[in-house]
There are 2 protein chains.
Amino acid sequence: MNPDFVNTAAEPRLPPRERILAAARNLFYRHGIRAVGVEAIAEAAATNKMTLYRHFASKDELVAECLRRFAAEAEAKWSQLEAAHPGDPRAQLRAWAKAAGEHIANVEARGCPLCNAAVELPEKDHPGRRVIEACKTAQREHLVRLCRAAGAPRAEQLADELFLLLEGALVSVQSVGPEGPGARFVRMAHATIANHTRRAG
Amino acid sequence: MNPDFVNTAAEPRLPPRERILAAARNLFYRHGIRAVGVEAIAEAAATNKMTLYRHFASKDELVAECLRRFAAEAEAKWSQLEAAHPGDPRAQLRAWAKAAGEHIANVEARGCPLCNAAVELPEKDHPGRRVIEACKTAQREHLVRLCRAAGAPRAEQLADELFLLLEGALVSVQSVGPEGPGARFVRMAHATIANHTRRAG
DNA sequence: CGCTTGTGGTACTGACCGGTAACACTAGCG
DNA sequence: CGCTAGTGTTACCGGTCAGTACCACAAGCG
């Protein structure tokens with residue numbers, strides 16, 4: 001059927017569970033969670049609905065597992081930051097802003113998959129919501145630790161400011177487009193960091 | 001059926017079109033656009049599907065009209081700001097931040113309906129997308145004008161920074177919750193305004 | 001060989017979706 | 001009175017949704 005929905009991921013011969021997760025993450029991110037049916041996911045994963053339901057109890061559980069994978073990837077980036085600039089939190093902070101800026105202008109400008117899921121799943125008992133909340137809280141805490149290590153006198157304030165700037169940039173590219181305020185994120189972040197670390201802020 | 005879906009708006013005897021729009025806006029905002037069916041909207045508007053389709057060509061057109069109403073409301077707030085503090089752009093800017101802060105912590109923490117719609121409707125040919133883009137661009141320009149009138153030497157930069165902070169706060173309450181970084185928005189905005197208007201920024 | 005385990009394929013269920021046809025009713029208006 | 005316009009009601013259409021039953025097949029292993 002729709003060529004957008006086939007072979008979107010699914011490295012040739014991974015186990016079916018991994019193919020399903022890769023296809024689901026790709027389709028959920030590009031088209032939205034509610035817009036993608038399990039049949040399309042199975043097809044894109046080069047398998048079928050039965051195999052999908054042998055690995056996931058329901059679509060909601062598949063969604064939650066996808067969000068867990070997204071969260072794990074986001075978590076892994078913090079150690080990559082530490083590895084790239086060991087013992088230099090200011091450089092890590094700048095590298096964080098740079099990486100975030102690249103992610104903003106990245107693939108098809110669909111922002112943060114966890115934020116998008118939070119918008120699409122307002123039911124507070126959805127199994128994915130605790131994943132979203134936990135991941136975003138962890139991101140914020142990572143950022144606070146990094147700001148504190150960088151010597152910012154008001155680390156929480158700087159971290160929250162950077163956090164909001166990034167979240168705003170990620171969501172605004174979906175409404176105003178990538179040429180909007182989000183394009184200035186990196187410069188803004190650097191200026192904010194400089195303001196907070198040079199003086200009292 | 002579900003008590004959440006009936007009598008959600010619809011002042012007793014407005015014309016059906018207005019009742020439908022009020023009900024649709026309410027349900028779309030609270031539950032998401034794709035999650036609400038036209039039947040539920042008609043029911044909440046104390047009418048039926050046929051009358052709905054006599055006033056709107058399709059669900060997508062109804063969505064677009066709802067977004068137009070949301071955009072018109074947002075637009076109207078700028079003149080309210082001007083009326084509340086005539087000739088005092090700094091006060092208008094502070095009042096803007098205060099009003100935004102109240103909206104952040106407001107009803108059920110579902111953020112900005114236009115941003116949410118942008119996340120839920122990634123199809124770039126949806127009739128609602130031009131409404132979203134136009135409204136957000138207008139908001140940004142209003143903010144730039146206000147910052148310029150307030151004497152900020154780098155008005156565009158200040159406006160974009162405030163814009164991103166607000167968008168980030170509105171979306172983050174849906175993921176991290178209202179106790180997260182969004183709670184600091186007003187203080188951050190005031191500090192940012194002060195930073196940009198007191199000196200070069 | 002038989003047996004198990006995981007996978008693929010097909011067909012199905014019941015519910016809901018967006019959208020429509022056909023008809024009864026009421027109000028306004030001449 | 002008759003006529004029209006808008007609304008309400010019911011039933012329906014084709015399509016799609018999440019989820020399942022059932023069977024065929026192939027690999028591993030005794």
# chains A, B, ... in the order shown; residues from 1 in each chain; ligands from 1
$ interface_residues --of "chain B" --to "chain D" --cutoff "12 Å" --atoms "only C-alpha atoms (C1' of nucleotides)" --output "PDB file with N, CA and C atoms, in the first residue's frame"
ATOM      1  N   PRO B  15     -27.050  29.170  18.562  1.00  0.00           N
ATOM      2  CA  PRO B  15     -27.289  28.441  17.307  1.00  0.00           C
ATOM      3  C   PRO B  15     -26.409  27.209  17.240  1.00  0.00           C
ATOM      4  N   PRO B  16     -26.875  26.174  16.564  1.00  0.00           N
ATOM      5  CA  PRO B  16     -26.181  24.879  16.561  1.00  0.00           C
ATOM      6  C   PRO B  16     -24.720  24.996  16.157  1.00  0.00           C
ATOM      7  N   ARG B  17     -24.443  25.830  15.178  1.00  0.00           N
ATOM      8  CA  ARG B  17     -23.051  25.957  14.727  1.00  0.00           C
ATOM      9  C   ARG B  17     -22.137  26.375  15.875  1.00  0.00           C
ATOM     10  N   ALA B  42     -21.079  16.020  18.385  1.00  0.00           N
ATOM     11  CA  ALA B  42     -22.488  16.345  18.190  1.00  0.00           C
ATOM     12  C   ALA B  42     -23.263  16.132  19.485  1.00  0.00           C
ATOM     13  N   ALA B  46     -25.316  18.875  22.065  1.00  0.00           N
ATOM     14  CA  ALA B  46     -26.774  18.680  22.156  1.00  0.00           C
ATOM     15  C   ALA B  46     -27.417  18.743  20.775  1.00  0.00           C
ATOM     16  N   THR B  47     -26.757  18.110  19.815  1.00  0.00           N
ATOM     17  CA  THR B  47     -27.352  18.013  18.479  1.00  0.00           C
ATOM     18  C   THR B  47     -26.933  16.665  17.897  1.00  0.00           C
ATOM     19  N   ASN B  48     -26.826  16.557  16.589  1.00  0.00           N
ATOM     20  CA  ASN B  48     -26.484  15.271  15.989  1.00  0.00           C
ATOM     21  C   ASN B  48     -25.537  15.447  14.817  1.00  0.00           C
ATOM     22  N   LYS B  49     -25.090  14.314  14.294  1.00  0.00           N
ATOM     23  CA  LYS B  49     -24.054  14.337  13.274  1.00  0.00           C
ATOM     24  C   LYS B  49     -24.519  15.049  12.010  1.00  0.00           C
ATOM     25  N   MET B  50     -25.784  14.868  11.631  1.00  0.00           N
ATOM     26  CA  MET B  50     -26.279  15.482  10.399  1.00  0.00           C
ATOM     27  C   MET B  50     -26.168  17.005  10.447  1.00  0.00           C
ATOM     28  N   THR B  51     -26.624  17.575  11.548  1.00  0.00           N
ATOM     29  CA  THR B  51     -26.534  19.032  11.671  1.00  0.00           C
ATOM     30  C   THR B  51     -25.083  19.494  11.630  1.00  0.00           C
ATOM     31  N   LEU B  52     -24.219  18.693  12.257  1.00  0.00           N
ATOM     32  CA  LEU B  52     -22.797  19.035  12.195  1.00  0.00           C
ATOM     33  C   LEU B  52     -22.312  19.089  10.749  1.00  0.00           C
ATOM     34  N   ARG B  54     -24.038  19.619   8.155  1.00  0.00           N
ATOM     35  CA  ARG B  54     -24.645  20.699   7.384  1.00  0.00           C
ATOM     36  C   ARG B  54     -23.853  21.995   7.546  1.00  0.00           C
ATOM     37  N   HIS B  55     -23.065  22.089   8.610  1.00  0.00           N
ATOM     38  CA  HIS B  55     -22.315  23.320   8.858  1.00  0.00           C
ATOM     39  C   HIS B  55     -20.830  23.186   8.535  1.00  0.00           C
TER      40      HIS B  55
END
$ residues_around --residues "Arg110 in chain A" --least-positions-apart "2" --cutoff "10 Å" --atoms "only C-alpha atoms (C1' of nucleotides)" --output "VMD selection string"
(chain A and resid 29 to 32 103 to 108 112 to 113 116 170 to 175 177 to 178) or (chain B and resid 118 to 119 122)
$ write_last_selection --atoms "C-alpha atoms" --output "compact mmCIF listing (two decimals), in the first residue's frame"
# COMPACT_ATOMS: atom_id res chain seq x y z
CA TYR A 29 7.50 9.43 15.28
CA ARG A 30 6.74 10.41 11.71
CA HIS A 31 2.98 10.12 11.65
CA GLY A 32 1.90 10.21 15.26
CA HIS A 103 18.42 17.57 16.64
CA ILE A 104 16.06 20.53 16.29
CA ALA A 105 16.76 21.01 12.60
CA ASN A 106 16.93 17.29 12.08
CA VAL A 107 14.80 14.73 10.34
CA GLU A 108 11.52 16.16 9.13
CA CYS A 112 10.92 15.23 20.60
CA PRO A 113 9.11 11.89 20.41
CA ASN A 116 4.80 14.46 21.10
CA LEU A 170 11.54 21.33 19.57
CA VAL A 171 7.84 22.03 19.60
CA SER A 172 8.00 25.31 17.71
CA VAL A 173 9.60 23.77 14.64
CA GLN A 174 6.38 21.79 14.27
CA SER A 175 4.18 24.90 14.35
CA GLY A 177 8.65 25.71 11.08
CA PRO A 178 12.42 25.27 11.26
CA ALA B 118 0.61 20.88 15.22
CA VAL B 119 1.88 17.75 16.94
CA PRO B 122 1.82 16.27 10.85
$ interface_residues --of "chain C" --to "chain A" --cutoff "10 Å" --atoms "only C-alpha atoms (C1' of nucleotides)" --output "JSON, numbers by chain"
{"C": [6, 7, 8, 9]}
$ write_last_selection --atoms "N, CA and C atoms (P, O5', C5', C4', C3', O3' and C1' of nucleotides)" --output "compact mmCIF listing (two decimals), in the first residue's frame"
# COMPACT_ATOMS: atom_id res chain seq x y z
P DG C 6 9.03 -20.11 22.15
O5' DG C 6 9.13 -19.49 20.69
C5' DG C 6 10.41 -19.37 20.10
C4' DG C 6 10.28 -19.02 18.63
C3' DG C 6 9.46 -17.76 18.36
O3' DG C 6 10.20 -16.91 17.49
C1' DG C 6 8.63 -19.57 17.07
P DT C 7 9.66 -15.46 17.19
O5' DT C 7 9.04 -15.60 15.74
C5' DT C 7 9.87 -16.05 14.67
C4' DT C 7 9.01 -16.49 13.51
C3' DT C 7 8.11 -15.41 12.94
O3' DT C 7 8.68 -14.90 11.74
C1' DT C 7 7.08 -17.57 12.99
P DG C 8 7.99 -13.70 10.99
O5' DG C 8 6.97 -14.44 10.02
C5' DG C 8 7.47 -15.25 8.97
C4' DG C 8 6.33 -15.79 8.12
C3' DG C 8 5.36 -14.72 7.62
O3' DG C 8 5.15 -14.88 6.23
C1' DG C 8 4.17 -16.45 8.75
P DG C 9 4.15 -13.92 5.45
O5' DG C 9 2.77 -14.70 5.55
C5' DG C 9 2.68 -16.04 5.09
C4' DG C 9 1.23 -16.44 4.92
C3' DG C 9 0.31 -15.29 4.51
O3' DG C 9 -0.55 -15.72 3.46
C1' DG C 9 -0.47 -16.27 6.55
$ closest_atom_pairs --of "chain A" --to "chain B" --cutoff "6 Å" --atoms "only C-alpha atoms" --output "tab-separated table"
residue	atom	partner	partner_atom	distance
A:Ala118	CA	B:Ser175	CA	5.5
A:Glu133	CA	B:Val176	CA	5.0
A:Lys136	CA	B:Val176	CA	5.9
A:Asp160	CA	B:Pro181	CA	5.2
A:Leu164	CA	B:Gly168	CA	4.4
A:Leu165	CA	B:Leu165	CA	5.2
A:Glu167	CA	B:Gly168	CA	4.5
A:Gly168	CA	B:Gly168	CA	3.5
A:Ala169	CA	B:Leu164	CA	5.9
A:Gln174	CA	B:Ala118	CA	5.9
A:Ser175	CA	B:Glu133	CA	5.4
A:Val176	CA	B:Glu133	CA	5.0
A:Pro181	CA	B:Asp160	CA	5.2
$ residues_around --residues "range 79-90 of chain B" --least-positions-apart "6" --cutoff "8 Å" --atoms "only C-alpha atoms (C1' of nucleotides)" --output "PyMOL selection string"
chain B and resi 96+146-147+149-150
$ write_last_selection --atoms "N, CA and C atoms" --output "PDB file, in the first residue's frame"
ATOM      1  N   TRP B  96       2.056  40.481  29.852  1.00  0.00           N
ATOM      2  CA  TRP B  96       2.052  39.316  28.952  1.00  0.00           C
ATOM      3  C   TRP B  96       2.633  38.096  29.672  1.00  0.00           C
ATOM      4  N   LEU B 146       6.454  44.357  20.549  1.00  0.00           N
ATOM      5  CA  LEU B 146       6.373  44.791  21.938  1.00  0.00           C
ATOM      6  C   LEU B 146       7.765  44.954  22.539  1.00  0.00           C
ATOM      7  N   CYS B 147       8.649  44.027  22.243  1.00  0.00           N
ATOM      8  CA  CYS B 147      10.007  44.130  22.767  1.00  0.00           C
ATOM      9  C   CYS B 147      10.713  45.360  22.208  1.00  0.00           C
ATOM     10  N   ALA B 149       9.229  48.115  21.186  1.00  0.00           N
ATOM     11  CA  ALA B 149       8.616  49.285  21.820  1.00  0.00           C
ATOM     12  C   ALA B 149       9.110  49.451  23.250  1.00  0.00           C
ATOM     13  N   ALA B 150       9.454  48.332  23.890  1.00  0.00           N
ATOM     14  CA  ALA B 150       9.943  48.410  25.259  1.00  0.00           C
ATOM     15  C   ALA B 150      11.398  48.863  25.323  1.00  0.00           C
TER      16      ALA B 150
END
$ select_by_dssp --residues "range 5-108 of chain B" --states "alpha helix (DSSP H)" --output "mmCIF file with C-alpha atoms, in the first residue's frame"
data_model
loop_
_atom_site.group_PDB
_atom_site.id
_atom_site.type_symbol
_atom_site.label_atom_id
_atom_site.label_comp_id
_atom_site.auth_asym_id
_atom_site.auth_seq_id
_atom_site.Cartn_x
_atom_site.Cartn_y
_atom_site.Cartn_z
ATOM 1 C CA PRO B 16 -26.181 24.879 16.561
ATOM 2 C CA ARG B 17 -23.051 25.957 14.727
ATOM 3 C CA GLU B 18 -21.765 27.779 17.807
ATOM 4 C CA ARG B 19 -22.684 24.920 20.098
ATOM 5 C CA ILE B 20 -20.812 22.516 17.852
ATOM 6 C CA LEU B 21 -17.745 24.732 17.757
ATOM 7 C CA ALA B 22 -17.755 25.188 21.508
ATOM 8 C CA ALA B 23 -18.102 21.476 22.138
ATOM 9 C CA ALA B 24 -15.480 20.570 19.549
ATOM 10 C CA ARG B 25 -12.941 23.023 20.919
ATOM 11 C CA ASN B 26 -13.494 21.740 24.419
ATOM 12 C CA LEU B 27 -13.195 18.068 23.508
ATOM 13 C CA PHE B 28 -10.321 18.511 21.061
ATOM 14 C CA TYR B 29 -8.378 20.428 23.656
ATOM 15 C CA ARG B 30 -8.971 18.022 26.503
ATOM 16 C CA HIS B 31 -8.684 14.692 24.733
ATOM 17 C CA VAL B 38 -17.732 13.617 15.374
ATOM 18 C CA GLU B 39 -20.496 11.677 17.061
ATOM 19 C CA ALA B 40 -19.167 12.641 20.490
ATOM 20 C CA ILE B 41 -18.902 16.280 19.418
ATOM 21 C CA ALA B 42 -22.488 16.345 18.190
ATOM 22 C CA GLU B 43 -23.663 14.735 21.390
ATOM 23 C CA ALA B 44 -21.768 17.222 23.550
ATOM 24 C CA LYS B 49 -24.054 14.337 13.274
ATOM 25 C CA MET B 50 -26.279 15.482 10.399
ATOM 26 C CA THR B 51 -26.534 19.032 11.671
ATOM 27 C CA LEU B 52 -22.797 19.035 12.195
ATOM 28 C CA TYR B 53 -22.201 18.049 8.595
ATOM 29 C CA ARG B 54 -24.645 20.699 7.384
ATOM 30 C CA HIS B 55 -22.315 23.320 8.858
ATOM 31 C CA LYS B 59 -14.112 16.805 10.375
ATOM 32 C CA ASP B 60 -10.888 18.357 9.105
ATOM 33 C CA GLU B 61 -12.742 21.554 8.229
ATOM 34 C CA LEU B 62 -14.312 21.606 11.669
ATOM 35 C CA VAL B 63 -10.854 21.201 13.150
ATOM 36 C CA ALA B 64 -9.577 24.086 11.044
ATOM 37 C CA GLU B 65 -12.449 26.314 12.146
ATOM 38 C CA CYS B 66 -11.772 25.456 15.786
ATOM 39 C CA LEU B 67 -8.143 26.398 15.314
ATOM 40 C CA ARG B 68 -9.237 29.678 13.711
ATOM 41 C CA ARG B 69 -11.264 30.440 16.826
ATOM 42 C CA PHE B 70 -8.361 29.617 19.093
ATOM 43 C CA ALA B 71 -6.120 31.840 16.976
ATOM 44 C CA ALA B 72 -8.639 34.693 17.082
ATOM 45 C CA GLU B 73 -8.774 34.485 20.868
ATOM 46 C CA ALA B 74 -5.006 34.583 21.090
ATOM 47 C CA GLU B 75 -4.957 37.565 18.753
ATOM 48 C CA ALA B 76 -7.529 39.410 20.846
ATOM 49 C CA LYS B 77 -5.345 39.196 23.930
ATOM 50 C CA TRP B 78 -2.822 41.592 22.419
ATOM 51 C CA SER B 79 -5.334 44.404 22.232
ATOM 52 C CA GLN B 80 -6.430 43.624 25.786
ATOM 53 C CA LEU B 81 -2.804 44.031 26.782
ATOM 54 C CA GLU B 82 -2.622 47.380 25.013
ATOM 55 C CA ALA B 83 -5.872 48.501 26.624
ATOM 56 C CA ALA B 84 -4.722 47.504 30.107
ATOM 57 C CA PRO B 89 5.157 48.636 26.537
ATOM 58 C CA ARG B 90 7.295 47.498 29.472
ATOM 59 C CA ALA B 91 4.159 47.041 31.562
ATOM 60 C CA GLN B 92 2.499 45.276 28.652
ATOM 61 C CA LEU B 93 5.425 42.911 28.433
ATOM 62 C CA ARG B 94 5.262 42.143 32.131
ATOM 63 C CA ALA B 95 1.510 41.657 31.901
ATOM 64 C CA TRP B 96 2.052 39.316 28.952
ATOM 65 C CA ALA B 97 4.379 37.183 31.058
ATOM 66 C CA LYS B 98 1.938 37.169 33.950
ATOM 67 C CA ALA B 99 -0.990 36.150 31.754
ATOM 68 C CA ALA B 100 1.099 33.454 30.087
ATOM 69 C CA GLY B 101 2.140 32.118 33.466
ATOM 70 C CA GLU B 102 -1.457 31.818 34.514
ATOM 71 C CA HIS B 103 -2.302 30.023 31.309
ATOM 72 C CA ILE B 104 0.520 27.546 31.899
#
$ atom_distance --atom1 "CA of Arg145 in chain A" --atom2 "CA of Val186 in chain B"
23.1 Å
